$ cat data.txt   # compact mmCIF, C-alpha atoms
# COMPACT_ATOMS: atom_id res chain seq x y z
CA MET A 24 -14.89 23.77 -34.43
CA LYS A 25 -11.36 22.41 -34.11
CA ARG A 26 -11.14 18.75 -33.27
CA LEU A 27 -8.62 16.24 -31.99
CA THR A 28 -7.43 13.65 -34.47
CA PRO A 29 -8.64 10.16 -33.56
CA LEU A 30 -5.61 7.88 -33.36
CA LEU A 31 -5.16 4.13 -33.30
CA LEU A 32 -1.87 2.54 -32.20
CA LEU A 33 -0.61 -0.73 -33.69
CA ALA A 34 2.16 -2.87 -32.21
CA CYS A 35 3.56 -5.73 -34.32
CA GLY A 36 5.93 -8.39 -33.03
CA SER A 37 6.37 -11.93 -31.75
CA PHE A 38 4.79 -11.43 -28.29
CA ASN A 39 6.46 -14.68 -27.32
CA PRO A 40 5.10 -14.33 -24.70
CA ILE A 41 3.36 -11.00 -24.14
CA THR A 42 4.81 -9.27 -21.06
CA ASN A 43 3.78 -6.42 -18.79
CA MET A 44 6.30 -4.27 -20.65
CA HIS A 45 4.49 -4.76 -23.96
CA MET A 46 1.31 -3.39 -22.41
CA ARG A 47 3.22 -0.64 -20.65
CA LEU A 48 4.33 0.73 -24.05
CA PHE A 49 0.73 1.55 -24.92
CA GLU A 50 0.12 3.44 -21.69
CA LEU A 51 3.29 5.52 -22.08
CA ALA A 52 2.40 6.33 -25.68
CA ARG A 53 -1.15 7.35 -24.78
CA ASP A 54 0.02 9.74 -22.06
CA HIS A 55 2.57 11.35 -24.37
CA LEU A 56 0.25 11.74 -27.34
CA HIS A 57 -2.56 13.18 -25.24
CA GLN A 58 -0.11 15.77 -23.93
CA THR A 59 0.58 16.98 -27.49
CA GLY A 60 -2.97 18.35 -27.61
CA MET A 61 -3.38 16.88 -31.10
CA TYR A 62 -4.76 13.38 -30.62
CA HIS A 63 -7.59 11.41 -29.10
CA LEU A 64 -6.52 7.76 -28.57
CA ILE A 65 -9.37 5.52 -29.67
CA GLY A 66 -7.66 2.17 -29.31
CA GLY A 67 -4.60 -0.02 -29.45
CA ILE A 68 -3.94 -3.23 -31.36
CA ILE A 69 -1.45 -5.97 -30.59
CA SER A 70 -0.75 -7.98 -33.74
CA PRO A 71 1.34 -11.12 -33.20
CA VAL A 72 3.42 -12.22 -36.19
CA SER A 73 2.53 -15.41 -38.06
CA ASP A 74 4.27 -18.73 -37.56
CA TYR A 75 5.88 -18.29 -40.98
CA TYR A 76 8.22 -15.56 -39.67
CA GLY A 77 10.78 -18.24 -38.86
CA LYS A 78 12.17 -16.85 -35.62
CA GLN A 79 13.92 -19.29 -33.29
CA GLY A 80 11.78 -20.33 -30.34
CA LEU A 81 8.58 -18.86 -31.84
CA VAL A 82 5.70 -20.89 -30.42
CA ALA A 83 2.45 -21.41 -32.30
CA ALA A 84 0.40 -18.30 -33.03
CA LYS A 85 -2.68 -19.84 -31.40
CA HIS A 86 -0.85 -19.77 -28.07
CA ARG A 87 0.57 -16.28 -28.53
CA ILE A 88 -2.86 -14.94 -29.50
CA GLU A 89 -4.54 -16.55 -26.51
CA MET A 90 -1.88 -15.32 -24.08
CA ALA A 91 -2.32 -11.78 -25.42
CA ARG A 92 -6.10 -12.06 -25.12
CA LEU A 93 -5.79 -13.16 -21.49
CA ALA A 94 -3.27 -10.40 -20.71
CA LEU A 95 -5.55 -7.72 -22.15
CA GLU A 96 -8.74 -8.78 -20.41
CA THR A 97 -8.36 -5.88 -17.98
CA SER A 98 -7.66 -3.28 -20.68
CA GLU A 99 -10.48 -1.04 -21.83
CA TRP A 100 -8.73 0.12 -24.99
CA ILE A 101 -6.09 -2.40 -26.14
CA LYS A 102 -7.10 -5.54 -28.03
CA VAL A 103 -5.28 -8.39 -29.74
CA ASP A 104 -5.94 -8.94 -33.44
CA SER A 105 -5.33 -12.27 -35.18
CA TRP A 106 -5.43 -11.14 -38.83
CA GLU A 107 -1.64 -11.09 -39.29
CA SER A 108 -1.09 -14.43 -37.57
CA GLU A 109 -3.86 -16.08 -39.63
CA GLN A 110 -2.30 -15.30 -43.00
CA GLU A 111 -0.91 -18.25 -44.93
CA HIS A 112 2.41 -16.46 -45.27
CA TRP A 113 4.54 -13.96 -43.41
CA SER A 114 3.16 -10.42 -43.86
CA GLU A 115 5.48 -7.43 -44.08
CA THR A 116 4.78 -4.80 -41.43
CA VAL A 117 3.69 -2.26 -44.00
CA MET A 118 1.03 -4.70 -45.25
CA VAL A 119 -0.30 -5.07 -41.71
CA LEU A 120 -0.45 -1.29 -41.37
CA ARG A 121 -2.33 -0.98 -44.65
CA HIS A 122 -4.84 -3.63 -43.59
CA HIS A 123 -5.62 -2.02 -40.25
CA TYR A 124 -5.79 1.47 -41.72
CA LYS A 125 -8.31 0.24 -44.26
CA GLU A 126 -10.37 -1.28 -41.46
CA LEU A 127 -10.07 1.92 -39.43
CA LEU A 128 -11.40 4.01 -42.32
CA LYS A 129 -14.28 1.61 -42.87
CA SER A 130 -15.22 1.80 -39.20
CA HIS A 131 -15.39 5.60 -39.52
CA HIS A 132 -17.49 5.43 -42.71
CA ILE A 133 -14.73 7.04 -44.75
CA ARG A 134 -14.44 6.53 -48.49
CA LYS A 135 -11.41 7.02 -50.68
CA LEU A 136 -11.06 10.06 -52.89
CA PRO A 137 -8.65 10.41 -55.86
CA VAL A 138 -4.99 9.81 -55.04
CA GLU A 139 -2.88 12.88 -54.41
CA LYS A 140 0.91 12.68 -54.14
CA GLY A 141 0.85 8.90 -53.93
CA TRP A 142 -1.63 8.63 -51.04
CA PRO A 143 -5.44 8.59 -51.23
CA ARG A 144 -7.26 11.46 -49.60
CA GLN A 145 -10.08 10.45 -47.30
CA GLN A 146 -13.39 12.05 -46.41
CA ALA A 147 -16.07 11.08 -43.94
CA ALA A 148 -19.22 9.99 -45.74
CA GLY A 149 -21.57 11.45 -43.15
CA VAL A 150 -21.94 13.62 -40.08
CA SER A 151 -21.31 10.90 -37.51
CA LEU A 152 -17.83 9.67 -36.65
CA ALA A 153 -19.11 6.94 -34.35
CA SER A 154 -16.59 4.15 -34.62
CA SER A 155 -17.56 0.49 -34.49
CA PHE A 156 -13.90 -0.56 -34.38
CA THR A 157 -13.71 -3.85 -32.45
CA GLY A 158 -16.32 -2.56 -30.02
CA LEU A 159 -13.78 -0.30 -28.32
CA LEU A 160 -14.86 3.33 -27.97
CA MET A 161 -17.72 5.39 -29.37
CA LEU A 162 -16.54 8.75 -30.66
CA SER A 163 -19.06 11.50 -30.21
CA HIS A 164 -16.93 14.60 -30.67
CA PHE A 165 -13.35 15.87 -30.86
CA VAL A 166 -11.80 19.17 -29.85
CA ASP A 167 -8.65 21.17 -30.51
CA CYS A 168 -7.24 19.35 -33.55
CA GLN A 169 -4.44 20.72 -35.75
CA GLY A 170 -5.18 19.06 -39.08
CA THR A 171 -5.78 15.76 -40.83
CA SER A 172 -2.70 14.49 -42.64
CA LEU A 173 -1.24 11.06 -41.94
CA SER A 174 1.95 12.71 -40.75
CA GLY A 175 0.48 13.88 -37.46
CA GLY A 176 -1.87 16.61 -38.70
CA ARG A 177 0.75 18.71 -40.51
CA GLY A 178 0.71 20.03 -44.01
CA SER A 179 -2.93 19.53 -45.05
CA GLN A 180 -6.34 20.89 -44.20
CA PRO A 181 -9.64 19.03 -43.82
CA SER A 182 -11.51 18.41 -47.06
CA HIS A 183 -14.99 19.83 -47.50
CA MET A 184 -18.01 18.31 -49.19
CA SER A 185 -21.22 20.16 -49.90
CA GLY A 186 -23.94 19.36 -47.40
CA GLU A 187 -21.69 17.20 -45.22
CA ALA A 188 -19.99 17.96 -41.95
CA GLU A 189 -16.26 18.56 -41.91
CA ALA A 190 -14.68 15.47 -40.39
CA VAL A 191 -11.33 14.63 -38.89
CA VAL A 192 -9.63 11.71 -40.61
CA PRO A 193 -8.37 9.05 -38.16
CA GLU A 194 -4.71 8.10 -38.10
CA LEU A 195 -2.82 4.88 -37.46
CA LYS A 196 0.70 4.86 -36.03
CA LEU A 197 3.14 2.04 -35.42
CA LEU A 198 4.09 1.66 -31.75
CA CYS A 199 7.51 0.17 -31.03
CA GLY A 200 10.40 -0.03 -28.62
CA ALA A 201 13.63 1.85 -29.23
CA ASP A 202 15.38 -1.28 -30.50
CA PHE A 203 12.96 -1.38 -33.41
CA LEU A 204 14.63 1.64 -35.03
CA LYS A 205 17.85 -0.37 -35.28
CA THR A 206 16.14 -2.93 -37.49
CA PHE A 207 15.82 -0.31 -40.22
CA HIS A 208 19.62 -0.42 -40.47
CA THR A 209 19.78 -4.23 -40.75
CA PRO A 210 20.79 -5.24 -44.29
CA ASN A 211 18.06 -7.07 -46.25
CA LEU A 212 15.52 -6.90 -43.42
CA TRP A 213 13.49 -3.98 -44.79
CA LYS A 214 12.75 -2.71 -48.27
CA GLU A 215 13.69 0.96 -48.45
CA GLU A 216 10.33 1.92 -49.92
CA HIS A 217 8.58 0.21 -47.01
CA VAL A 218 10.63 2.13 -44.45
CA GLN A 219 9.63 5.34 -46.17
CA GLU A 220 5.95 4.39 -46.26
CA VAL A 221 5.92 3.50 -42.59
CA VAL A 222 7.42 6.79 -41.43
CA GLU A 223 5.92 9.08 -44.08
CA LYS A 224 2.37 7.79 -44.40
CA PHE A 225 1.78 6.44 -40.90
CA GLY A 226 4.45 7.49 -38.40
CA LEU A 227 6.15 5.89 -35.41
CA VAL A 228 5.72 6.17 -31.67
CA CYS A 229 8.99 4.90 -30.20
CA ILE A 230 9.42 4.16 -26.48
CA SER A 231 13.02 4.63 -25.38
CA ARG A 232 14.70 2.47 -22.77
CA ALA A 233 17.89 2.57 -20.73
CA GLY A 234 20.96 2.33 -22.92
CA SER A 235 19.14 3.14 -26.15
CA ASP A 236 19.68 6.25 -28.26
CA PRO A 237 16.76 6.52 -30.69
CA PHE A 238 17.84 9.98 -31.84
CA GLN A 239 21.15 8.57 -33.02
CA ASP A 240 19.35 5.83 -34.92
CA ILE A 241 17.14 8.46 -36.55
CA SER A 242 20.09 10.66 -37.49
CA ALA A 243 21.94 7.68 -39.00
CA SER A 244 19.14 7.08 -41.51
CA GLU A 245 18.45 9.45 -44.39
CA ILE A 246 14.80 8.36 -44.55
CA LEU A 247 14.19 8.55 -40.80
CA SER A 248 15.88 11.96 -40.67
CA ARG A 249 13.75 13.24 -43.52
CA TYR A 250 10.53 12.30 -41.73
CA ARG A 251 11.67 12.80 -38.14
CA GLN A 252 8.61 15.02 -37.52
CA ASN A 253 6.52 11.84 -37.87
CA ILE A 254 8.49 9.98 -35.19
CA TYR A 255 7.46 10.51 -31.58
CA VAL A 256 10.13 9.47 -29.09
CA VAL A 257 8.69 8.78 -25.65
CA ARG A 258 10.91 8.39 -22.59
CA GLU A 259 10.23 5.45 -20.28
CA TRP A 260 10.46 7.22 -16.93
CA ILE A 261 10.64 4.00 -14.92
CA PRO A 262 13.44 1.74 -16.24
CA ASN A 263 11.97 -1.59 -17.29
CA GLU A 264 14.20 -4.28 -18.77
CA ILE A 265 11.63 -7.08 -19.05
CA SER A 266 12.28 -9.07 -22.23
CA ALA A 267 10.43 -12.05 -23.67
CA THR A 268 13.77 -13.78 -24.24
CA SER A 269 14.63 -13.59 -20.53
CA ILE A 270 11.13 -14.70 -19.62
CA ARG A 271 11.42 -17.80 -21.79
CA HIS A 272 14.83 -18.58 -20.30
CA ALA A 273 13.44 -18.34 -16.77
CA LEU A 274 10.47 -20.55 -17.64
CA ARG A 275 12.71 -23.22 -19.11
CA LYS A 276 14.72 -23.20 -15.87
CA GLY A 277 11.60 -23.48 -13.75
CA GLN A 278 12.13 -20.01 -12.23
CA SER A 279 9.33 -17.68 -11.15
CA VAL A 280 8.10 -15.02 -13.57
CA LYS A 281 5.35 -13.75 -11.30
CA TYR A 282 4.78 -9.97 -11.58
CA LEU A 283 6.55 -9.97 -14.95
CA LEU A 284 3.57 -11.50 -16.74
CA PRO A 285 -0.13 -11.39 -15.85
CA ASP A 286 -1.13 -14.35 -13.66
CA SER A 287 -3.59 -15.54 -16.32
CA VAL A 288 -0.75 -15.81 -18.83
CA ILE A 289 1.47 -17.69 -16.39
CA SER A 290 -1.34 -20.16 -15.73
CA TYR A 291 -1.88 -20.66 -19.46
CA ILE A 292 1.83 -21.30 -20.05
CA LYS A 293 1.93 -23.88 -17.26
CA GLN A 294 -1.28 -25.54 -18.39
CA HIS A 295 -0.01 -26.03 -21.95
CA ASN A 296 3.69 -26.50 -21.09
CA ILE A 297 4.54 -23.99 -23.81
CA TYR A 298 8.14 -22.96 -23.18
CA THR A 299 10.54 -25.88 -23.07
CA GLU A 300 14.03 -26.69 -24.30
CA GLU A 301 12.39 -28.29 -27.32
CA SER A 302 10.26 -25.25 -28.14
CA GLU A 303 13.31 -22.99 -27.98
CA ARG A 304 14.99 -25.07 -30.69
CA LYS A 305 12.15 -24.50 -33.12
CA ASN A 306 13.42 -22.76 -36.29
CA GLU A 307 16.97 -23.02 -34.95
CA GLY A 308 19.44 -22.10 -37.68
CA ASP A 309 16.73 -20.86 -40.04
CA LEU A 310 16.78 -17.44 -41.66
CA LEU A 311 13.96 -15.05 -40.85
CA GLN A 312 11.42 -14.96 -43.67
CA PRO A 313 12.21 -11.35 -44.69
CA LEU A 314 15.89 -12.24 -45.00
CA LYS A 315 15.03 -15.24 -47.16
CA GLN A 316 12.91 -13.06 -49.42
CA HIS A 317 15.59 -10.39 -49.73
CA GLY A 318 18.41 -12.81 -50.46
CA ALA A 319 20.44 -12.66 -47.24
CA MET A 320 22.89 -15.48 -46.57
CA VAL A 321 23.16 -15.12 -42.79
CA ASN A 322 20.82 -14.07 -40.00
CA PRO A 323 22.16 -10.82 -38.43
CA LEU A 324 19.51 -10.63 -35.73
CA ASN A 325 19.49 -11.96 -32.23
CA ASP A 326 16.23 -12.87 -30.53
$ encode --input "data.txt" --output "structure tokens"
Amino acid sequence: MKRLTPLLLLACGSFNPITNMHMRLFELARDHLHQTGMYHLIGGIISPVSDYYGKQGLVAAKHRIEMARLALETSEWIKVDSWESEQEHWSETVMVLRHHYKELLKSHHIRKLPVEKGWPRQQAAGVSLASSFTGLLMLSHFVDCQGTSLSGGRGSQPSHMSGEAEAVVPELKLLCGADFLKTFHTPNLWKEEHVQEVVEKFGLVCISRAGSDPFQDISASEILSRYRQNIYVVREWIPNEISATSIRHALRKGQSVKYLLPDSVISYIKQHNIYTEESERKNEGDLLQPLKQHGAMVNPLND
């Protein structure tokens, strides 16, 4: 029987603070991917970056994690994960993807088989695909799937093992806004081999916004163009220009941000007096950690 591919979405970023728009990205992506007839969304992860990233105005991870937890209390399928923020160093995005994919495979009782073409094949170790992943959803069955490769089910067929049921291998994709594609073109921000791994082995789900042209960003990159079949571009059908930068600015000025953030997050910010003129000066003038590691002399990124 053909089955849908179980899919987990991962969003990395500052979430400083988390906004309604961040959560909206997950809903848009889920609708789009369900409509492809290829995937069954089993969960979403928000992974705030560690304090070692070095971005100006980045408040402590403990606050960003707690704000995300409060914001997601009403979500049945999106959770915040603290692994990345708890590392004693800044973790490159590809390392975070690898970590969560490993955890995803473990939750589906999947073991590694010999490496083929630079990527390990996977096979379910038993009949059941019941997932224990963060207590989200129990998977009892899947229907109408097109394949099992990490590139969206194209180019490979399910493996078979004697006496065991054929199983669909779960996938993990990186969820991002359209501006994220531009970072691939920023000198010294990404290692080329990491860009390739992200789009070839995992794939992107990119939510477009007014004024952005993700297709142009894809065409301008040889790597992105080569693996464009692994990049899903989803149109935001209701323009939404909420940005964490603008939110922080409003909070510092004492202006209302109601209906831009969940009320629980607003209460937490007020209770802990998180966003102030002083907090916005944190890391001022510092290079982002990836730029330091890759030898850049100036910071080409705005907040």
$ closest_residue --input "data.txt" --among "A:Asn263, A:Ile68, A:His45, A:Met61" --to "Val191 in chain A" --atoms "only C-alpha atoms"
A:Met61
$ atom_distance --input "data.txt" --atom1 "CA of Thr116 in chain A" --atom2 "CA of Ser248 in chain A"
20.1 Å
$ residues_around --input "data.txt" --residues "Lys102 in chain A" --least-positions-apart "6" --cutoff "8 Å" --atoms "only C-alpha atoms" --output "number ranges by chain"
A: 66-69, 92, 95
$ closest_residue --input "data.txt" --among "A:Leu120, A:Ser279, A:Ala273, A:Glu301" --to "Val222 in chain A" --atoms "all atoms listed in the file"
A:Leu120
$ axis_aligned_box --input "data.txt" --around "range 210-219 of chain A" --padding-each-side "8 Å" --output "lines of an AutoDock Vina configuration file"
center_x = 14.7
center_y = -0.9
center_z = -46.7
size_x = 28.2
size_y = 28.4
size_z = 22.5
$ closest_residue --input "data.txt" --among "A:Val257, A:Ala84, A:Phe238, A:Ser108" --to "Arg53 in chain A" --atoms "only C-alpha atoms"
A:Val257
$ closest_residue --input "data.txt" --among "A:Leu27, A:Leu204, A:Val192, A:Leu32" --to "His132 in chain A" --atoms "only C-alpha atoms"
A:Val192
$ closest_residue --input "data.txt" --among "A:Lys129, A:Ile270, A:Tyr76, A:Arg134" --to "Val288 in chain A" --atoms "all atoms listed in the file"
A:Ile270
$ closest_residue --input "data.txt" --among "A:Leu64, A:Val218, A:Met90, A:Leu198" --to "Asn43 in chain A" --atoms "only C-alpha atoms"
A:Met90
$ residues_near_point --input "data.txt" --point "(-3.1, -13.3, -18.6)" --cutoff "9 Å" --atoms "all atoms listed in the file" --output "list in words"
Ile41, Glu89, Met90, Ala91, Arg92, Leu93, Ala94, Leu95, Glu96, Leu284, Pro285, Asp286, Ser287, Val288, Ile289, Ser290 and Tyr291 of chain A
$ atom_distance --input "data.txt" --atom1 "CA of Thr28 in chain A" --atom2 "CA of Cys199 in chain A"
20.4 Å
$ atom_distance --input "data.txt" --atom1 "CA of Ala83 in chain A" --atom2 "CA of Lys281 in chain A"
22.5 Å
$ residues_around --input "data.txt" --residues "Gly234 in chain A" --least-positions-apart "3" --cutoff "10 Å" --atoms "only C-alpha atoms" --output "PyMOL selection string"
chain A and resi 201+231+237
$ residues_around --input "data.txt" --residues "Glu307 in chain A" --least-positions-apart "4" --cutoff "9 Å" --atoms "only C-alpha atoms" --output "compact mmCIF listing (two decimals) with C-alpha atoms, keeping the file's coordinate frame"
# COMPACT_ATOMS: atom_id res chain seq x y z
CA GLY A 77 10.78 -18.24 -38.86
CA LYS A 78 12.17 -16.85 -35.62
CA GLN A 79 13.92 -19.29 -33.29
CA GLY A 80 11.78 -20.33 -30.34
CA GLU A 303 13.31 -22.99 -27.98
$ decode --input "data.txt" --residues "range 109-121 of chain A" --atoms "all heavy atoms" --output "JSON list (two decimals), in the first residue's frame"
[["chain", "number", "residue", "atom", "x", "y", "z"],
["A", 109, "GLU", "N", 21.19, 25.30, 24.17],
["A", 109, "GLU", "CA", 21.91, 24.80, 25.34],
["A", 109, "GLU", "C", 23.34, 24.40, 25.03],
["A", 109, "GLU", "O", 24.10, 24.07, 25.96],
["A", 109, "GLU", "CB", 21.17, 23.60, 25.93],
["A", 109, "GLU", "CG", 19.83, 23.97, 26.58],
["A", 109, "GLU", "CD", 19.03, 22.75, 26.98],
["A", 109, "GLU", "OE1", 19.40, 21.62, 26.56],
["A", 109, "GLU", "OE2", 18.03, 22.91, 27.71],
["A", 110, "GLN", "N", 23.73, 24.43, 23.76],
["A", 110, "GLN", "CA", 25.11, 24.08, 23.42],
["A", 110, "GLN", "C", 26.07, 25.14, 23.93],
["A", 110, "GLN", "O", 25.72, 26.31, 24.04],
["A", 110, "GLN", "CB", 25.24, 23.90, 21.90],
["A", 110, "GLN", "CG", 24.33, 22.84, 21.31],
["A", 110, "GLN", "CD", 24.43, 21.52, 22.04],
["A", 110, "GLN", "OE1", 25.49, 20.86, 22.03],
["A", 110, "GLN", "NE2", 23.34, 21.09, 22.67],
["A", 111, "GLU", "N", 27.28, 24.72, 24.24],
["A", 111, "GLU", "CA", 28.28, 25.64, 24.79],
["A", 111, "GLU", "C", 29.02, 26.40, 23.70],
["A", 111, "GLU", "O", 30.10, 26.93, 23.94],
["A", 111, "GLU", "CB", 29.25, 24.87, 25.68],
["A", 111, "GLU", "CG", 28.58, 24.26, 26.90],
["A", 111, "GLU", "CD", 29.56, 23.53, 27.79],
["A", 111, "GLU", "OE1", 30.74, 23.40, 27.39],
["A", 111, "GLU", "OE2", 29.16, 23.10, 28.88],
["A", 112, "HIS", "N", 28.44, 26.43, 22.53],
["A", 112, "HIS", "CA", 29.00, 27.14, 21.39],
["A", 112, "HIS", "C", 27.88, 27.37, 20.39],
["A", 112, "HIS", "O", 26.81, 26.79, 20.51],
["A", 112, "HIS", "CB", 30.13, 26.33, 20.74],
["A", 112, "HIS", "CG", 29.71, 24.92, 20.41],
["A", 112, "HIS", "ND1", 28.92, 24.59, 19.32],
["A", 112, "HIS", "CD2", 29.94, 23.74, 21.07],
["A", 112, "HIS", "CE1", 28.70, 23.30, 19.29],
["A", 112, "HIS", "NE2", 29.30, 22.75, 20.34],
["A", 113, "TRP", "N", 28.13, 28.23, 19.42],
["A", 113, "TRP", "CA", 27.15, 28.42, 18.35],
["A", 113, "TRP", "C", 27.18, 27.20, 17.44],
["A", 113, "TRP", "O", 28.25, 26.69, 17.07],
["A", 113, "TRP", "CB", 27.48, 29.67, 17.55],
["A", 113, "TRP", "CG", 26.73, 29.74, 16.25],
["A", 113, "TRP", "CD1", 25.41, 29.97, 16.08],
["A", 113, "TRP", "CD2", 27.27, 29.52, 14.94],
["A", 113, "TRP", "NE1", 25.08, 29.93, 14.75],
["A", 113, "TRP", "CE2", 26.21, 29.65, 14.03],
["A", 113, "TRP", "CE3", 28.55, 29.24, 14.46],
["A", 113, "TRP", "CZ2", 26.39, 29.50, 12.65],
["A", 113, "TRP", "CZ3", 28.73, 29.09, 13.09],
["A", 113, "TRP", "CH2", 27.65, 29.23, 12.22],
["A", 114, "SER", "N", 26.00, 26.68, 17.08],
["A", 114, "SER", "CA", 25.89, 25.50, 16.22],
["A", 114, "SER", "C", 25.44, 25.90, 14.83],
["A", 114, "SER", "O", 24.44, 26.62, 14.68],
["A", 114, "SER", "CB", 24.88, 24.49, 16.80],
["A", 114, "SER", "OG", 25.27, 24.08, 18.09],
["A", 115, "GLU", "N", 26.18, 25.46, 13.82],
["A", 115, "GLU", "CA", 25.77, 25.74, 12.45],
["A", 115, "GLU", "C", 24.45, 25.06, 12.16],
["A", 115, "GLU", "O", 24.15, 23.98, 12.69],
["A", 115, "GLU", "CB", 26.86, 25.26, 11.49],
["A", 115, "GLU", "CG", 28.16, 26.05, 11.63],
["A", 115, "GLU", "CD", 29.34, 25.38, 10.94],
["A", 115, "GLU", "OE1", 29.58, 24.18, 11.23],
["A", 115, "GLU", "OE2", 29.99, 26.04, 10.13],
["A", 116, "THR", "N", 23.65, 25.68, 11.30],
["A", 116, "THR", "CA", 22.31, 25.17, 11.02],
["A", 116, "THR", "C", 22.32, 23.72, 10.58],
["A", 116, "THR", "O", 21.45, 22.93, 10.97],
["A", 116, "THR", "CB", 21.63, 26.04, 9.94],
["A", 116, "THR", "OG1", 21.54, 27.39, 10.41],
["A", 116, "THR", "CG2", 20.23, 25.53, 9.63],
["A", 117, "VAL", "N", 23.30, 23.35, 9.78],
["A", 117, "VAL", "CA", 23.35, 21.97, 9.30],
["A", 117, "VAL", "C", 23.56, 21.00, 10.45],
["A", 117, "VAL", "O", 23.06, 19.86, 10.42],
["A", 117, "VAL", "CB", 24.45, 21.82, 8.23],
["A", 117, "VAL", "CG1", 25.84, 21.87, 8.83],
["A", 117, "VAL", "CG2", 24.26, 20.53, 7.44],
["A", 118, "MET", "N", 24.27, 21.42, 11.50],
["A", 118, "MET", "CA", 24.46, 20.56, 12.66],
["A", 118, "MET", "C", 23.15, 20.37, 13.42],
["A", 118, "MET", "O", 22.87, 19.29, 13.94],
["A", 118, "MET", "CB", 25.52, 21.17, 13.60],
["A", 118, "MET", "CG", 26.86, 21.43, 12.95],
["A", 118, "MET", "SD", 27.60, 19.90, 12.30],
["A", 118, "MET", "CE", 29.12, 20.57, 11.60],
["A", 119, "VAL", "N", 22.34, 21.43, 13.47],
["A", 119, "VAL", "CA", 21.05, 21.33, 14.13],
["A", 119, "VAL", "C", 20.13, 20.40, 13.35],
["A", 119, "VAL", "O", 19.41, 19.58, 13.94],
["A", 119, "VAL", "CB", 20.41, 22.73, 14.28],
["A", 119, "VAL", "CG1", 19.09, 22.65, 15.04],
["A", 119, "VAL", "CG2", 21.37, 23.68, 14.99],
["A", 120, "LEU", "N", 20.16, 20.50, 12.03],
["A", 120, "LEU", "CA", 19.38, 19.59, 11.20],
["A", 120, "LEU", "C", 19.80, 18.15, 11.42],
["A", 120, "LEU", "O", 18.95, 17.26, 11.55],
["A", 120, "LEU", "CB", 19.55, 19.96, 9.72],
["A", 120, "LEU", "CG", 18.75, 21.17, 9.22],
["A", 120, "LEU", "CD1", 19.33, 21.69, 7.91],
["A", 120, "LEU", "CD2", 17.28, 20.79, 9.04],
["A", 121, "ARG", "N", 21.09, 17.90, 11.45],
["A", 121, "ARG", "CA", 21.58, 16.53, 11.65],
["A", 121, "ARG", "C", 21.12, 15.98, 12.99],
["A", 121, "ARG", "O", 20.70, 14.82, 13.09],
["A", 121, "ARG", "CB", 23.11, 16.51, 11.59],
["A", 121, "ARG", "CG", 23.70, 16.77, 10.21],
["A", 121, "ARG", "CD", 25.21, 16.89, 10.32],
["A", 121, "ARG", "NE", 25.83, 17.29, 9.05],
["A", 121, "ARG", "CZ", 27.11, 17.63, 8.94],
["A", 121, "ARG", "NH1", 27.89, 17.61, 10.03],
["A", 121, "ARG", "NH2", 27.60, 17.99, 7.77]]
